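Contents: one structure, followed by commentary.
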Amino acid sequence: MHELVQLQKEKGAYSEIDIAIVAICSESIDGLEKMKEKSAVEFPILGESSGKLMDAFGLRDKSGNPIDGTDIFRPATIVLRKNGSLIWSDAVENYRVRPSPKEVFFHVSLGFKN
């Protein structure tokens with residue numbers, strides 16, 4: 001949730017280059033509401049419990065849950081142009097290590113120049 005709060009703090013920089021932030025996670029509706037309330041972010045947090053979108057981006061870690069061996073989804077930052085083409089992505093192996101908003105903004109800025 002820390003990265004959501006950090007993205008919210010940096011939202012002014014993103015609005016300068018005309019992009020929108022949307023968070024997508026596999027939480028339940030109740031979990032999404034709690035996350036939104038706790039983080040106080042102003043951008044949408046969408047639930048995607050089917051896993052289809054996560055699979056499309058190759059984020060399913062088969063049997064990756066170390067506790068019970070169930071599938072889990074790796075956290076990722078994916079930046080797309082309005083036409084759906086990829087600007088930049090970063091899928092992490094360790095959920096505790098994620099790109100900073102400044103790093104995301106750097107890559108987004110480069111993507112808009114190309």
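Here's how to read the names in the structure tokens: chain A, B, ... by the order shown, residue numbers from 1 in each chain, ligand numbers from 1 in the order shown.
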
Long-range neighbours of segment 78-82 of chain A as a short mmCIF file (atom, residue, chain, number, x, y, z; two decimals) with N, CA and C atoms, in the first residue's frame, 10 Å cut-off, only C-alpha atoms, 2 positions minimum in chain:
```cif
data_model
loop_
_atom_site.label_atom_id
_atom_site.label_comp_id
_atom_site.auth_asym_id
_atom_site.auth_seq_id
_atom_site.Cartn_x
_atom_site.Cartn_y
_atom_site.Cartn_z
N ILE A 19 -1.30 11.65 -17.87
CA ILE A 19 -1.57 10.23 -17.68
C ILE A 19 -2.46 10.07 -16.46
N ALA A 20 -3.15 8.98 -16.41
CA ALA A 20 -4.00 8.65 -15.27
C ALA A 20 -3.43 7.42 -14.57
N ILE A 21 -3.57 7.39 -13.28
CA ILE A 21 -3.12 6.25 -12.48
C ILE A 21 -4.34 5.43 -12.11
N VAL A 22 -4.23 4.12 -12.31
CA VAL A 22 -5.26 3.18 -11.90
C VAL A 22 -4.54 1.99 -11.26
N ALA A 23 -4.95 1.63 -10.07
CA ALA A 23 -4.39 0.46 -9.40
C ALA A 23 -5.32 -0.73 -9.64
N PHE A 57 -0.78 -10.27 -18.52
CA PHE A 57 0.51 -9.62 -18.31
C PHE A 57 1.57 -10.57 -17.76
N PRO A 75 3.35 -8.45 -7.93
CA PRO A 75 3.07 -7.02 -8.10
C PRO A 75 3.80 -6.49 -9.33
N ALA A 76 3.18 -5.54 -9.99
CA ALA A 76 3.80 -4.98 -11.19
C ALA A 76 3.35 -3.54 -11.37
N GLY A 84 -3.04 1.64 -25.90
CA GLY A 84 -2.80 0.31 -25.34
C GLY A 84 -1.39 -0.21 -25.51
N SER A 85 -0.54 0.51 -26.22
CA SER A 85 0.84 0.04 -26.38
C SER A 85 1.64 0.29 -25.10
N LEU A 86 2.58 -0.58 -24.87
CA LEU A 86 3.38 -0.54 -23.65
C LEU A 86 4.43 0.57 -23.68
N ILE A 87 4.48 1.34 -22.61
CA ILE A 87 5.56 2.32 -22.43
C ILE A 87 6.65 1.68 -21.58
N TRP A 88 6.24 1.09 -20.45
CA TRP A 88 7.22 0.53 -19.52
C TRP A 88 6.51 -0.40 -18.56
N SER A 89 7.22 -1.43 -18.12
CA SER A 89 6.67 -2.31 -17.09
C SER A 89 7.78 -2.81 -16.18
N ASP A 90 7.39 -3.14 -14.97
CA ASP A 90 8.32 -3.68 -13.99
C ASP A 90 7.55 -4.64 -13.11
N ALA A 91 7.74 -5.94 -13.33
CA ALA A 91 7.11 -6.96 -12.50
C ALA A 91 8.17 -7.45 -11.52
N VAL A 104 9.27 5.49 -11.80
CA VAL A 104 8.17 5.30 -12.75
C VAL A 104 8.02 6.53 -13.63
N PHE A 105 8.03 7.71 -13.01
CA PHE A 105 7.89 8.95 -13.76
C PHE A 105 9.00 9.10 -14.79
N HIS A 107 10.67 6.71 -16.39
CA HIS A 107 10.41 5.82 -17.51
C HIS A 107 9.20 6.27 -18.33
N VAL A 108 8.19 6.78 -17.66
CA VAL A 108 7.02 7.29 -18.35
C VAL A 108 7.42 8.47 -19.24
N GLY A 111 9.10 7.27 -22.28
CA GLY A 111 8.14 6.63 -23.18
C GLY A 111 7.34 7.62 -24.00
N PHE A 112 7.05 8.76 -23.43
CA PHE A 112 6.30 9.76 -24.16
C PHE A 112 7.16 10.48 -25.19
#
```

As a CSV table (one decimal) with N, CA and C atoms, in the first residue's frame, which residues of chain A does DSSP assign to strand (DSSP E or B)?
```
chain,number,residue,atom,x,y,z
A,23,ALA,N,-5.0,1.6,-10.1
A,23,ALA,CA,-4.4,0.5,-9.4
A,23,ALA,C,-5.3,-0.7,-9.6
A,24,ILE,N,-4.7,-1.9,-9.9
A,24,ILE,CA,-5.5,-3.1,-10.1
A,24,ILE,C,-5.0,-4.2,-9.2
A,25,CYS,N,-5.9,-4.8,-8.4
A,25,CYS,CA,-5.4,-5.8,-7.5
A,25,CYS,C,-6.4,-7.0,-7.4
A,45,ILE,N,-9.0,2.2,-7.6
A,45,ILE,CA,-8.4,0.9,-7.3
A,45,ILE,C,-9.4,-0.1,-7.7
A,46,LEU,N,-9.1,-0.9,-8.7
A,46,LEU,CA,-10.0,-1.8,-9.3
A,46,LEU,C,-9.7,-3.2,-8.9
A,47,GLY,N,-10.7,-4.0,-8.7
A,47,GLY,CA,-10.5,-5.4,-8.3
A,47,GLY,C,-10.6,-6.3,-9.6
A,60,ARG,N,1.0,-14.3,-13.0
A,60,ARG,CA,0.6,-15.4,-12.2
A,60,ARG,C,1.9,-16.2,-11.8
A,61,ASP,N,2.1,-16.4,-10.5
A,61,ASP,CA,3.2,-17.2,-10.0
A,61,ASP,C,2.5,-18.5,-9.5
A,72,ILE,N,-0.3,-17.1,-6.8
A,72,ILE,CA,-0.4,-15.7,-6.4
A,72,ILE,C,0.0,-14.9,-7.6
A,73,PHE,N,-0.3,-13.6,-7.5
A,73,PHE,CA,0.0,-12.7,-8.6
A,73,PHE,C,1.2,-11.8,-8.1
A,76,ALA,N,3.2,-5.5,-10.0
A,76,ALA,CA,3.8,-5.0,-11.2
A,76,ALA,C,3.4,-3.5,-11.4
A,77,THR,N,4.2,-2.8,-12.0
A,77,THR,CA,3.8,-1.5,-12.5
A,77,THR,C,3.9,-1.5,-14.0
A,78,ILE,N,2.7,-1.2,-14.6
A,78,ILE,CA,2.6,-1.3,-16.1
A,78,ILE,C,2.1,0.0,-16.6
A,79,VAL,N,2.8,0.6,-17.5
A,79,VAL,CA,2.4,1.9,-18.0
A,79,VAL,C,2.1,1.8,-19.5
A,80,LEU,N,0.9,2.1,-19.9
A,80,LEU,CA,0.4,2.0,-21.3
A,80,LEU,C,0.1,3.3,-21.9
A,86,LEU,N,2.6,-0.6,-24.9
A,86,LEU,CA,3.4,-0.5,-23.6
A,86,LEU,C,4.4,0.6,-23.7
A,87,ILE,N,4.5,1.3,-22.6
A,87,ILE,CA,5.6,2.3,-22.4
A,87,ILE,C,6.6,1.7,-21.6
A,88,TRP,N,6.2,1.1,-20.5
A,88,TRP,CA,7.2,0.5,-19.5
A,88,TRP,C,6.5,-0.4,-18.6
A,89,SER,N,7.2,-1.4,-18.1
A,89,SER,CA,6.7,-2.3,-17.1
A,89,SER,C,7.8,-2.8,-16.2
A,90,ASP,N,7.4,-3.1,-15.0
A,90,ASP,CA,8.3,-3.7,-14.0
A,90,ASP,C,7.5,-4.6,-13.1
A,91,ALA,N,7.7,-5.9,-13.3
A,91,ALA,CA,7.1,-7.0,-12.5
A,91,ALA,C,8.2,-7.4,-11.5
```

task: Take atom CA of Arg74 of chain A and atom CA of Glu16 of chain A and report the distance between them in Å, one decimal.
output: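 Going from atom CA of Arg74 of chain A over to atom CA of Glu16 of chain A covers 29.1 Å.
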
task: Mind listing the alpha helix (DSSP H) residues of chain A, per DSSP on the backbone, as a ChimeraX atom specification?
output: /A:2-9,11-16,29-39,52-56,101-113

- prompt: For the atom pair atom CA of Val97 of chain A and atom CA of Glu33 of chain A, what is the interatomic distance in Å to one decimal place?
  reply: 24.1 Å

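Interatomic distance, atom CA of Thr70 of chain A against atom CA of Ser39 of chain A: 27.2 Å.
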
Distance criterion (only C-alpha atoms): nearest to Ser49 of chain A out of A:Gln8, A:Ser26, A:Ser63, A:Pro99: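 Counting only C-alpha atoms, the residue closest to Ser49 of chain A is A:Ser26.
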